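Pasted below: start-v5.txt, compact mmCIF, C-alpha atoms.
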```txt
# COMPACT_ATOMS: atom_id res chain seq x y z
CA MET N 216 0.00 0.00 0.00
CA THR N 217 1.07 3.59 -0.60
CA THR N 218 0.92 6.03 2.26
CA LEU N 219 -0.05 9.53 1.31
CA THR N 220 2.33 12.21 2.49
CA PRO N 221 0.92 14.69 4.99
CA ALA N 222 0.16 18.18 3.85
CA ALA N 223 3.13 20.52 3.86
CA PRO N 224 3.04 22.83 6.91
CA GLY N 225 2.23 26.34 5.75
CA GLY N 226 0.94 25.26 2.34
CA TYR N 227 2.48 27.23 -0.52
CA ARG N 228 4.62 29.25 1.93
CA SER N 229 6.50 26.06 2.80
CA VAL N 230 7.69 25.75 -0.81
CA PHE N 231 9.17 29.25 -0.85
CA ARG N 232 11.18 28.49 2.27
CA ILE N 233 13.41 26.28 0.10
CA ARG N 234 16.14 28.45 -1.43
CA GLU N 235 16.62 26.37 -4.58
CA PHE N 236 12.92 26.51 -5.39
CA ARG N 237 12.95 30.30 -5.14
CA ALA N 238 15.61 30.35 -7.86
CA VAL N 239 13.64 27.89 -10.01
CA PHE N 240 10.44 29.92 -9.53
CA ALA N 241 12.07 33.22 -10.50
CA ALA N 242 13.75 31.60 -13.52
CA HIS N 243 10.42 30.10 -14.62
CA LEU N 244 8.68 33.47 -14.32
CA MET N 245 11.31 35.18 -16.47
CA SER N 246 11.38 32.52 -19.17
CA VAL N 247 7.57 32.22 -19.44
CA LEU N 248 7.06 35.97 -19.71
CA GLY N 249 9.91 36.09 -22.21
CA ILE N 250 8.26 33.46 -24.39
CA VAL N 251 4.90 35.25 -24.34
CA VAL N 252 6.48 38.60 -25.26
CA ALA N 253 8.58 36.94 -27.97
CA GLU N 254 5.50 35.30 -29.52
CA ILE N 255 3.68 38.62 -29.76
CA ALA N 256 6.67 40.60 -30.99
CA LEU N 257 7.78 37.97 -33.49
CA THR N 258 4.26 37.65 -34.92
CA VAL N 259 4.10 41.42 -35.43
CA LEU N 260 7.62 41.49 -36.88
CA VAL N 261 6.92 38.75 -39.43
CA TYR N 262 3.59 40.32 -40.43
CA ARG N 263 5.23 43.71 -41.00
CA ALA N 264 7.99 42.09 -43.04
CA THR N 265 5.74 39.92 -45.23
CA GLY N 266 2.25 41.45 -45.06
CA SER N 267 0.98 37.84 -44.93
CA PRO N 268 -1.58 36.73 -42.33
CA LEU N 269 -0.61 33.13 -43.09
CA MET N 270 3.06 33.75 -42.25
CA SER N 271 2.02 35.58 -39.08
CA ALA N 272 -0.17 32.66 -37.97
CA LEU N 273 2.56 30.17 -38.88
CA THR N 274 4.97 32.06 -36.64
CA PHE N 275 2.63 31.56 -33.70
CA ALA N 276 2.01 27.91 -34.60
CA LEU N 277 5.73 27.19 -34.62
CA GLY N 278 5.62 27.53 -30.83
CA PHE N 279 3.71 24.21 -30.80
CA LEU N 280 4.65 22.21 -33.89
CA PRO N 281 8.24 21.13 -32.98
CA TYR N 282 7.16 19.88 -29.54
CA ALA N 283 6.50 16.29 -30.55
CA LEU N 284 9.80 15.90 -32.41
CA GLY N 285 11.88 17.67 -29.76
CA GLY N 286 10.30 15.79 -26.88
CA THR N 287 10.80 12.43 -28.59
CA LEU N 288 14.39 12.92 -29.72
CA LEU N 289 15.69 14.80 -26.68
CA ALA N 290 13.93 12.85 -23.89
CA PRO N 291 16.98 10.63 -23.06
CA VAL N 292 19.06 13.77 -22.43
CA ALA N 293 16.91 14.59 -19.40
CA ASP N 294 18.25 11.59 -17.44
CA ARG N 295 21.68 11.13 -19.06
CA HIS N 296 23.09 14.53 -18.03
CA PRO N 297 22.94 16.55 -14.79
CA ALA N 298 19.66 18.47 -14.64
CA ARG N 299 21.26 21.84 -13.94
CA ARG N 300 23.52 21.51 -16.98
CA VAL N 301 20.56 20.65 -19.23
CA LEU N 302 18.43 23.53 -17.93
CA VAL N 303 21.17 26.14 -18.24
CA GLY N 304 22.07 24.86 -21.72
CA CYS N 305 18.45 25.16 -22.91
CA ASP N 306 18.16 28.70 -21.52
CA LEU N 307 21.42 29.79 -23.16
CA LEU N 308 20.31 28.35 -26.50
CA CYS N 309 17.00 30.23 -26.27
CA ALA N 310 18.81 33.44 -25.27
CA PHE N 311 21.09 33.08 -28.30
CA CYS N 312 18.14 32.46 -30.65
CA ALA N 313 16.28 35.49 -29.30
CA ALA N 314 19.41 37.66 -29.58
CA VAL N 315 19.83 36.72 -33.26
CA MET N 316 16.13 37.45 -33.86
CA ALA N 317 16.67 40.95 -32.46
CA VAL N 318 19.43 41.76 -34.94
CA PRO N 319 18.12 44.18 -37.61
CA GLY N 320 17.86 42.64 -41.03
CA THR N 321 17.51 39.01 -39.89
CA PRO N 322 15.63 37.25 -42.74
CA VAL N 323 12.12 35.99 -42.06
CA ALA N 324 13.14 32.41 -42.90
CA LEU N 325 15.86 32.54 -40.23
CA LEU N 326 13.40 34.04 -37.72
CA LEU N 327 11.13 31.03 -38.22
CA VAL N 328 14.03 28.56 -37.92
CA LEU N 329 15.14 30.19 -34.66
CA ARG N 330 11.57 30.06 -33.32
CA CYS N 331 11.51 26.35 -34.18
CA ALA N 332 14.78 25.80 -32.32
CA MET N 333 13.38 27.42 -29.17
CA ALA N 334 10.25 25.28 -29.35
CA PHE N 335 12.33 22.16 -30.10
CA VAL N 336 14.16 22.31 -26.74
CA ALA N 337 11.11 23.46 -24.74
CA PRO N 338 9.83 19.95 -23.82
CA LEU N 339 13.33 18.90 -22.71
CA PHE N 340 13.57 21.99 -20.50
CA GLN N 341 10.12 21.49 -19.00
CA GLY N 342 10.56 17.76 -18.42
CA THR N 343 14.01 18.19 -16.85
CA ARG N 344 12.81 21.00 -14.60
CA ASN N 345 9.77 19.04 -13.44
CA ALA N 346 11.91 16.00 -12.73
CA SER N 347 14.48 18.09 -10.84
CA LEU N 348 11.71 19.50 -8.65
CA ALA N 349 11.47 16.08 -7.01
CA ASP N 350 15.20 16.33 -6.22
CA ILE N 351 14.78 19.81 -4.75
CA LEU N 352 11.45 19.37 -2.98
CA GLY N 353 11.21 15.61 -2.47
CA SER N 354 8.45 13.51 -3.98
CA GLY N 355 5.82 14.34 -1.37
CA ASP N 356 3.33 17.14 -0.82
CA VAL N 357 5.86 19.95 -1.22
CA PHE N 358 6.61 18.67 -4.75
CA VAL N 359 2.91 18.79 -5.60
CA LEU N 360 2.62 22.39 -4.37
CA GLY N 361 5.77 23.38 -6.24
CA ARG N 362 4.41 21.95 -9.50
CA SER N 363 1.15 23.77 -8.86
CA LEU N 364 2.94 27.10 -8.40
CA LEU N 365 4.79 26.71 -11.69
CA ARG N 366 1.54 25.91 -13.50
CA MET N 367 -0.13 28.97 -12.00
CA VAL N 368 2.78 31.14 -13.16
CA ALA N 369 2.26 29.83 -16.69
CA GLN N 370 -1.49 30.53 -16.57
CA SER N 371 -0.94 34.00 -15.08
CA ALA N 372 1.65 34.78 -17.73
CA LEU N 373 -0.93 34.04 -20.42
CA LEU N 374 -3.36 36.44 -18.75
CA LEU N 375 -0.83 39.21 -18.10
CA GLY N 376 1.81 38.57 -20.73
CA PHE N 377 -0.30 39.23 -23.81
CA GLY N 378 -1.62 42.46 -22.30
CA LEU N 379 1.82 43.60 -21.14
CA GLY N 380 3.33 42.53 -24.45
CA GLY N 381 0.85 44.67 -26.33
CA ILE N 382 1.65 47.67 -24.11
CA LEU N 383 5.38 47.00 -24.48
CA LEU N 384 5.10 47.14 -28.27
CA THR N 385 3.67 50.66 -28.01
CA VAL N 386 6.97 51.93 -26.60
CA LEU N 387 9.44 49.44 -28.14
CA ALA N 388 9.99 48.13 -31.64
CA PRO N 389 9.35 44.36 -31.98
CA ARG N 390 13.10 43.67 -32.13
CA GLY N 391 13.58 45.63 -28.91
CA ALA N 392 10.95 43.48 -27.19
CA ILE N 393 12.67 40.34 -28.46
CA ALA N 394 15.97 41.65 -27.06
CA LEU N 395 14.29 41.79 -23.64
CA THR N 396 13.30 38.16 -24.17
CA ALA N 397 16.95 37.27 -24.72
CA ALA N 398 17.86 39.07 -21.50
CA GLY N 399 15.13 37.15 -19.65
CA PHE N 400 16.47 33.79 -20.81
CA LEU N 401 20.00 34.81 -19.85
CA ALA N 402 18.81 35.84 -16.38
CA SER N 403 16.99 32.51 -16.05
CA ALA N 404 20.20 30.64 -16.95
CA LEU N 405 22.17 32.58 -14.32
CA LEU N 406 19.55 31.92 -11.63
CA LEU N 407 19.56 28.19 -12.34
CA ARG N 408 23.36 28.03 -12.58
CA TYR N 409 24.07 29.80 -9.30
CA GLY N 410 20.82 29.17 -7.43
CA THR N 411 20.58 25.37 -7.71
CA ARG N 412 22.91 22.49 -6.84
CA LEU N 413 24.72 20.36 -9.40
CA ARG N 414 23.35 16.84 -8.99
CA PRO N 415 24.55 13.76 -10.85
CA ALA N 416 22.68 12.35 -13.83
CA ARG N 417 19.99 9.75 -13.04
CA ALA N 418 21.05 7.32 -15.77
CA SER N 419 24.52 6.79 -17.20
CA ALA N 420 23.70 4.33 -19.98
CA ARG N 421 22.76 5.62 -23.42
CA THR N 422 19.21 4.85 -24.45
CA SER N 423 17.30 5.22 -27.69
CA PRO N 424 14.97 8.23 -28.05
CA LEU N 425 11.95 5.91 -27.85
CA ALA N 426 13.13 3.95 -24.80
CA GLY N 427 11.42 6.31 -22.36
CA ALA N 428 8.13 6.15 -24.25
CA ARG N 429 8.30 2.35 -24.31
CA ALA N 430 9.01 2.24 -20.58
CA VAL N 431 6.11 4.54 -19.76
CA PHE N 432 3.55 3.01 -22.12
CA GLY N 433 4.70 -0.51 -21.37
CA ASN N 434 3.54 -0.04 -17.79
CA ARG N 435 -0.24 -0.30 -17.61
CA ARG N 436 -0.69 2.08 -14.67
CA LEU N 437 1.80 4.68 -15.94
CA ARG N 438 0.11 4.58 -19.33
CA ALA N 439 -3.29 5.32 -17.80
CA LEU N 440 -1.91 8.13 -15.61
CA THR N 441 -0.10 9.71 -18.56
CA LEU N 442 -3.23 9.64 -20.71
CA LEU N 443 -5.22 11.10 -17.83
CA PHE N 444 -2.88 14.11 -17.98
CA TRP N 445 -3.09 14.35 -21.76
CA VAL N 446 -6.74 13.72 -22.61
CA PRO N 447 -8.71 16.40 -20.69
CA PRO N 448 -6.62 19.34 -22.02
CA MET N 449 -7.11 18.07 -25.57
CA PHE N 450 -10.86 18.56 -25.14
CA VAL N 451 -10.62 21.61 -22.86
CA VAL N 452 -8.96 23.65 -25.63
CA VAL N 453 -11.95 23.14 -27.95
CA PRO N 454 -14.13 25.95 -26.50
CA GLU N 455 -11.06 28.21 -26.24
CA ALA N 456 -10.09 27.59 -29.85
CA LEU N 457 -13.63 28.39 -31.01
CA LEU N 458 -14.37 31.34 -28.74
CA ALA N 459 -13.95 33.96 -31.47
CA PRO N 460 -16.46 32.41 -33.91
CA TYR N 461 -18.86 31.56 -31.08
CA ALA N 462 -18.75 35.12 -29.69
CA ALA N 463 -19.34 36.49 -33.18
CA GLY N 464 -22.26 34.11 -33.65
CA ILE N 465 -24.06 35.37 -30.55
CA GLY N 466 -23.28 39.02 -31.30
CA ALA N 467 -20.68 39.55 -28.58
CA GLY N 468 -18.06 42.26 -29.09
CA THR N 469 -14.29 42.09 -28.70
CA ALA N 470 -14.43 43.27 -25.07
CA VAL N 471 -16.72 40.35 -24.19
CA LEU N 472 -14.47 38.00 -26.15
CA GLY N 473 -11.51 39.12 -24.04
CA LEU N 474 -13.51 38.46 -20.88
CA LEU N 475 -14.47 34.98 -22.05
CA MET N 476 -10.87 34.16 -22.95
CA CYS N 477 -9.83 34.98 -19.38
CA ALA N 478 -12.53 32.83 -17.77
CA MET N 479 -10.88 29.41 -17.97
CA PRO N 480 -7.38 30.52 -16.89
CA VAL N 481 -8.90 32.41 -13.95
CA GLY N 482 -10.88 29.30 -12.97
CA THR N 483 -7.76 27.14 -13.29
CA ILE N 484 -5.70 29.42 -11.04
CA ALA N 485 -8.53 29.66 -8.49
CA GLY N 486 -8.98 25.87 -8.45
CA GLU N 487 -5.28 25.21 -7.90
CA LEU N 488 -5.05 27.86 -5.17
CA TRP N 489 -8.01 26.31 -3.38
CA ALA N 490 -6.69 22.76 -3.62
CA GLY N 491 -3.16 23.75 -2.63
CA SER N 492 -4.11 26.07 0.23
CA ALA N 493 -7.27 24.59 1.73
CA LEU N 494 -6.98 20.83 1.20
CA THR N 495 -4.74 18.18 2.68
CA ALA N 496 -2.80 15.72 0.55
CA ARG N 497 -5.35 13.03 1.45
CA THR N 498 -8.29 15.19 0.33
CA ARG N 499 -6.53 16.21 -2.88
CA SER N 500 -6.15 12.52 -3.69
CA ARG N 501 -9.84 11.91 -2.98
CA ILE N 502 -11.05 14.63 -5.37
CA VAL N 503 -9.07 13.39 -8.40
CA VAL N 504 -11.68 10.89 -9.55
CA PRO N 505 -14.85 13.02 -9.15
CA LEU N 506 -13.34 16.21 -10.56
CA ALA N 507 -11.66 14.43 -13.49
CA ALA N 508 -14.92 12.62 -14.28
CA ALA N 509 -17.04 15.78 -14.11
CA GLY N 510 -14.48 18.29 -15.39
CA LEU N 511 -15.78 18.45 -18.97
CA LEU N 512 -19.48 18.20 -18.18
CA PRO N 513 -20.00 22.02 -18.00
CA LEU N 514 -19.36 22.06 -21.75
CA LEU N 515 -22.73 20.35 -22.20
CA LEU N 516 -24.28 23.76 -21.44
CA TYR N 517 -23.28 24.72 -24.98
CA ALA N 518 -25.99 22.38 -26.27
CA VAL N 519 -28.60 25.14 -25.84
CA ARG N 520 -26.36 27.73 -27.57
CA PRO N 521 -26.18 29.88 -24.42
CA GLY N 522 -25.44 33.55 -24.03
CA VAL N 523 -22.43 35.17 -22.43
CA PRO N 524 -23.26 34.59 -18.73
CA VAL N 525 -23.75 30.83 -19.15
CA VAL N 526 -20.66 30.44 -21.34
CA LEU N 527 -18.65 32.38 -18.76
CA LEU N 528 -19.94 30.06 -16.02
CA ALA N 529 -19.18 26.93 -18.05
CA LEU N 530 -15.60 28.00 -18.75
CA LEU N 531 -15.01 28.96 -15.11
CA LEU N 532 -16.27 25.57 -13.92
CA VAL N 533 -14.06 23.71 -16.39
CA GLY N 534 -11.09 25.70 -15.10
CA LEU N 535 -11.97 25.07 -11.45
CA ALA N 536 -12.09 21.31 -12.07
CA HIS N 537 -8.38 21.51 -12.91
CA ALA N 538 -7.82 21.34 -9.14
CA HIS N 539 -7.69 17.55 -9.51
CA THR N 540 -4.25 17.87 -11.15
CA LEU N 541 -2.53 18.32 -7.77
CA GLY N 542 -3.60 14.86 -6.63
CA LEU N 543 -2.77 13.44 -10.05
CA ASP N 544 0.74 14.90 -9.77
CA GLN N 545 1.30 12.95 -6.57
CA TRP N 546 0.11 9.69 -8.11
CA TYR N 547 2.39 10.23 -11.11
CA VAL N 548 5.60 11.03 -9.26
CA GLU N 549 5.05 8.03 -6.97
CA ALA N 550 4.50 5.77 -9.99
CA VAL N 551 7.57 6.80 -12.03
CA PRO N 552 10.90 5.10 -11.15
CA GLU N 553 13.53 7.70 -10.25
CA GLU N 554 15.90 6.67 -13.07
CA LEU N 555 13.08 7.26 -15.59
CA ARG N 556 11.77 10.49 -14.10
CA GLY N 557 13.37 12.95 -16.54
CA ARG N 558 12.26 11.04 -19.64
CA ALA N 559 8.77 10.49 -18.22
CA MET N 560 8.33 14.17 -17.39
CA THR N 561 9.62 15.19 -20.82
CA LEU N 562 7.17 12.79 -22.46
CA LEU N 563 4.39 14.20 -20.27
CA SER N 564 5.13 17.79 -21.38
CA THR N 565 5.50 16.74 -25.02
CA GLY N 566 2.18 14.94 -25.21
CA LEU N 567 0.38 17.67 -23.30
CA MET N 568 1.40 20.42 -25.72
CA THR N 569 1.12 18.28 -28.85
CA LEU N 570 -2.37 17.03 -28.10
CA GLN N 571 -3.57 20.52 -27.25
CA GLY N 572 -2.43 21.59 -30.71
CA VAL N 573 -4.19 18.57 -32.21
CA GLY N 574 -7.34 19.44 -30.25
CA MET N 575 -7.32 23.00 -31.58
CA ALA N 576 -6.84 21.82 -35.16
CA LEU N 577 -9.59 19.20 -34.94
CA ALA N 578 -11.94 21.73 -33.34
CA GLY N 579 -11.40 24.14 -36.20
CA LEU N 580 -11.89 21.39 -38.77
CA ALA N 581 -15.13 20.17 -37.15
CA ALA N 582 -16.46 23.74 -36.96
CA GLU N 583 -16.13 24.00 -40.76
CA PHE N 584 -18.95 21.47 -41.06
CA LEU N 585 -20.92 21.75 -37.79
CA PRO N 586 -22.22 24.63 -35.65
CA VAL N 587 -19.69 25.76 -33.05
CA HIS N 588 -21.97 25.02 -30.10
CA ALA N 589 -22.46 21.46 -31.37
CA VAL N 590 -18.69 20.92 -31.67
CA VAL N 591 -18.09 22.12 -28.10
CA THR N 592 -20.94 19.99 -26.75
CA ALA N 593 -19.60 16.92 -28.56
CA SER N 594 -16.13 17.55 -27.12
CA GLY N 595 -17.62 17.55 -23.62
CA VAL N 596 -19.42 14.25 -24.22
CA LEU N 597 -16.53 12.47 -25.96
CA GLY N 598 -13.93 13.78 -23.51
CA THR N 599 -15.98 12.64 -20.52
CA VAL N 600 -16.38 9.14 -21.97
CA VAL N 601 -12.62 8.81 -22.55
CA VAL N 602 -11.79 10.09 -19.05
CA LEU N 603 -14.24 7.63 -17.48
CA LEU N 604 -12.57 4.77 -19.38
CA LEU N 605 -9.14 5.86 -18.11
CA LEU N 606 -10.42 6.09 -14.53
CA ALA N 607 -11.87 2.61 -14.88
CA GLU N 608 -8.45 1.40 -16.07
CA LEU N 609 -6.78 2.95 -13.01
CA ARG N 610 -9.34 1.32 -10.74
CA SER N 611 -8.63 -2.03 -12.38
CA CYS N 612 -4.87 -1.53 -11.89
CA ALA N 613 -5.40 -0.71 -8.21
CA ARG N 614 -7.56 -3.80 -7.68
CA GLN N 615 -4.85 -5.96 -9.21
CA GLY N 616 -2.19 -4.46 -6.94
CA GLU N 617 -0.53 -2.25 -9.59
CA GLY N 618 -1.26 0.97 -7.75
CA PRO N 619 -2.54 2.43 -4.48
CA ARG N 620 -6.20 2.08 -3.64
CA SER N 621 -6.33 5.90 -3.50
CA GLU N 622 -6.70 5.76 -7.28
CA THR N 623 -10.08 4.10 -6.87
CA GLY N 624 -11.24 6.93 -4.67
CA VAL N 625 -10.51 5.05 -1.45
CA VAL N 626 -7.46 6.34 0.40
CA THR N 627 -5.46 3.85 2.42
CA LYS N 628 -3.59 4.67 5.54
```
Go ahead and render the structure in this file as C-alpha cells.
Amino acid sequence: MTTLTPAAPGGYRSVFRIREFRAVFAAHLMSVLGIVVAEIALTVLVYRATGSPLMSALTFALGFLPYALGGTLLAPVADRHPARRVLVGCDLLCAFCAAVMAVPGTPVALLLVLRCAMAFVAPLFQGTRNASLADILGSGDVFVLGRSLLRMVAQSALLLGFGLGGILLTVLAPRGAIALTAAGFLASALLLRYGTRLRPARASARTSPLAGARAVFGNRRLRALTLLFWVPPMFVVVPEALLAPYAAGIGAGTAVLGLLMCAMPVGTIAGELWAGSALTARTRSRIVVPLAAAGLLPLLLYAVRPGVPVVLLALLLVGLAHAHTLGLDQWYVEAVPEELRGRAMTLLSTGLMTLQGVGMALAGLAAEFLPVHAVVTASGVLGTVVVLLLLAELRSCARQGEGPRSETGVVTK
C-alpha cells in the first residue's frame, strides 16, 4: 500500500522556504514571460515584413509544432546529463536564438528557424525541470505544491503577458521586445546556474529516443496516468479555440471575447489555489476521480447555444475542475521510477502540448462542417467518456495491486 504524504506545513509558503525553489520559480517566471512577449513581438515582426496573415499565424504555430519531435528525440538527455547543466544549456540556447532574432535585417526564414529551435528544446527543459523538482522538494506534498505554483505562473503569464506585451510594443519596436526576451532567458540561466545544486545524472547508460516512451507506455498504470494528464486538455482547448467564432455568432463584441478568454485561466488558477491552500494531501487525492470525471461536463451547457453569462460560467467551472491535477501529480511522481523520471516528465510535457495543438486543429476542422456550439458539446461528451474509461483502467490496476487504492477513490492509511 502507498501512504499519502501529509500536507506541507504552511501550504504554498513552505515551498518558498526552500532556497533552490525560489531560484527555479524566479527563472520560470522570467522565461515564461519572455516566451509570451517573444510570440507577440515575433508575430508582429513577421507580419510587418511579409504582409501575410498566413506567415504571421505560422509564426505563432511554430511555438507548438516542434514539440513532438523535440520531446521524442531529446527525452533521453533529461536523465543522461545533470539536470542543472541541461536547464542552463536550454536557456542559453533560447537566449542566443532570441538575440539573433533581435538583430536588424535578420531574414524571415531565419526568424522562423530560430523560433523552431526554441520550441524544439522546450519539452526537454520542462521535463528536466519538473523531474528536478522532485530532487529539490522531495516527492511528497511539497513537490505537488511546487508543480502547482509553476503551472499557476504559466497561466498568469498568459493572462498578463499578452496584455503587457501589447503595451510593451507601443513603446518598443518588436526587435527591442525580443531583445528583452533574450535578457530574460540569460537571467533565467544565471539563476539556475548559481541558485541550484549540481546533482549527478539519473542514468549513465545511453538509451534510444523511444526507450522512455516504451518504458512509460509498457507499464499499464503509468500509461493510464499519462493519458489522464493528456486527454482532458485536448478537449478543454476546444471551446477556447472556437471562442472567437462563437462570440461572433451570438453578437458579442471584442471586449466580451476578451472576458471569455480569461474565464478558464482564472478558474484554473482559483482551483489550484483552493486545492493547494485549503486541502490536505489526502483530500486532494480523494477529489481526483470526481473532478476528473465531471471536469468536462459544464461544456454540455453549450448544447442550448447559451449567451455570455452561461458560457462564462461553463468556462469557469471547467477551469476550477483543474484542481484535480494536484492529486494526479502525486500519483504520477510516486509511480515513475527515479531513473526514468526525466524522460517520463519530458514525455508528459510533449504529449500535453502536442495534443492541445491537435485538439485546436480538430476543433477548427469540425467547426467548418458543424455549428460551433455542437462541436463544443460533442467535445464535452466524448472527452468525458474517454476520461471515465481511463479512470476505470486505473481502478482495475489498483484492484490488481498495480497501484494504491487511493486511485479508486478510497485512500489507504
Contacts of range 453-458 of chain N at 9 Å (all atoms listed in the file; same-chain gap of 4+ positions) as a compact mmCIF listing (two decimals) with C-alpha atoms, in the frame of the given file:
```txt
# COMPACT_ATOMS: atom_id res chain seq x y z
CA PRO N 448 -6.62 19.34 -22.02
CA MET N 449 -7.11 18.07 -25.57
CA ALA N 462 -18.75 35.12 -29.69
CA ALA N 463 -19.34 36.49 -33.18
CA LEU N 472 -14.47 38.00 -26.15
CA LEU N 475 -14.47 34.98 -22.05
CA MET N 476 -10.87 34.16 -22.95
CA MET N 479 -10.88 29.41 -17.97
CA LEU N 514 -19.36 22.06 -21.75
CA LEU N 530 -15.60 28.00 -18.75
CA GLN N 571 -3.57 20.52 -27.25
CA GLY N 574 -7.34 19.44 -30.25
CA MET N 575 -7.32 23.00 -31.58
CA ALA N 576 -6.84 21.82 -35.16
CA LEU N 577 -9.59 19.20 -34.94
CA ALA N 578 -11.94 21.73 -33.34
CA GLY N 579 -11.40 24.14 -36.20
CA ALA N 582 -16.46 23.74 -36.96
CA VAL N 587 -19.69 25.76 -33.05
CA HIS N 588 -21.97 25.02 -30.10
CA VAL N 590 -18.69 20.92 -31.67
CA VAL N 591 -18.09 22.12 -28.10
CA SER N 594 -16.13 17.55 -27.12
```
Within 9 Å of Glu549 in chain N, counting all atoms listed in the file, which residues qualify if same-chain residues fewer than 4 places away don't, as a PyMOL selection string?
chain N and resi 217+354-355+544-545
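Between CA of Gly466 in chain N and CA of Tyr517 in chain N the separation is 15.6 Å.
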Please determine, counting only C-alpha atoms, which residue among N:Arg362, N:Pro460, N:Ala394, N:Leu308 has the shortest atom-to-atom distance to Pro586 in chain N.
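Closest candidate: N:Pro460.
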Between CA of Ala538 in chain N and CA of Leu302 in chain N, what is the spacing in Å?
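CA of Ala538 in chain N lies at a distance of 27.8 Å from CA of Leu302 in chain N.
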Within 12 Å of Thr265 in chain N using all atoms listed in the file, minus same-chain residues under 5 positions, as a ChimeraX atom specification
/N:258-260,270-272,274,322-324
Range 446-465 of chain N, all listed atoms, 8 Å padding on each side: what axis-aligned box centre and edge lengths in Å to one decimal come out, as AutoDock Vina command-line options?
```
--center_x -15.3 --center_y 25.1 --center_z -27.3 --size_x 33.4 --size_y 38.8 --size_z 29.2
```
What's around range 554-561 of chain N at 7 Å? Count all atoms listed in the file, leave out sequence neighbours fewer than 3 positions away in its own chain, and write the answer as a list in words.
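That gives Gly286, Ala290, Pro291, Ala293, Asp294, Pro338, Leu339, Gln341, Gly342, Thr343, Asn345, Ala346, Arg417, Ala418, Gly427, Val431, Val551, Ser564 and Thr565 of chain N.
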Between range 317-391 of chain N and range 225-230 of chain N, at 7 Å or less, what are the per-residue closest atom pairs and their distances in Å? Count all atoms listed in the file, order by chain and rising residue number, and return it as a tab-separated table.
```
residue	atom	partner	partner_atom	distance
N:Val357	CA	N:Val230	CA	6.1
N:Leu360	CA	N:Tyr227	CA	6.2
N:Gly361	CA	N:Val230	CA	6.2
```
Tell me which of N:Arg499, N:Arg344, N:Arg408, N:Arg610 sits closest to Ala298 in chain N, counting only C-alpha atoms.
N:Arg344
Work out how far CA of Tyr547 in chain N is from CA of Ile351 in chain N, in Å to one decimal.
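Taking CA of Ile351 in chain N and CA of Tyr547 in chain N, their separation equals 16.9 Å.
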Set the distance at 8 Å and use only C-alpha atoms: which residues neighbour range 368-373 of chain N once local chain neighbours fewer than 6 positions away are removed? I'd like the list as a PyMOL selection string.
chain N and resi 243-244+247-248+251+480+483-484
Can you write just those residues out, C-alpha atoms, as a compact mmCIF listing (two decimals), keeping the file's coordinate frame?
```txt
# COMPACT_ATOMS: atom_id res chain seq x y z
CA HIS N 243 10.42 30.10 -14.62
CA LEU N 244 8.68 33.47 -14.32
CA VAL N 247 7.57 32.22 -19.44
CA LEU N 248 7.06 35.97 -19.71
CA VAL N 251 4.90 35.25 -24.34
CA PRO N 480 -7.38 30.52 -16.89
CA THR N 483 -7.76 27.14 -13.29
CA ILE N 484 -5.70 29.42 -11.04
```
Name the closest residue to Glu487 in chain N among the candidates N:Phe231, N:Ala332, N:Leu535, N:Arg614; distances are taken between atoms, counting all atoms listed in the file.
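Nearest candidate to Glu487 in chain N out of N:Phe231, N:Ala332, N:Leu535, N:Arg614: N:Leu535.
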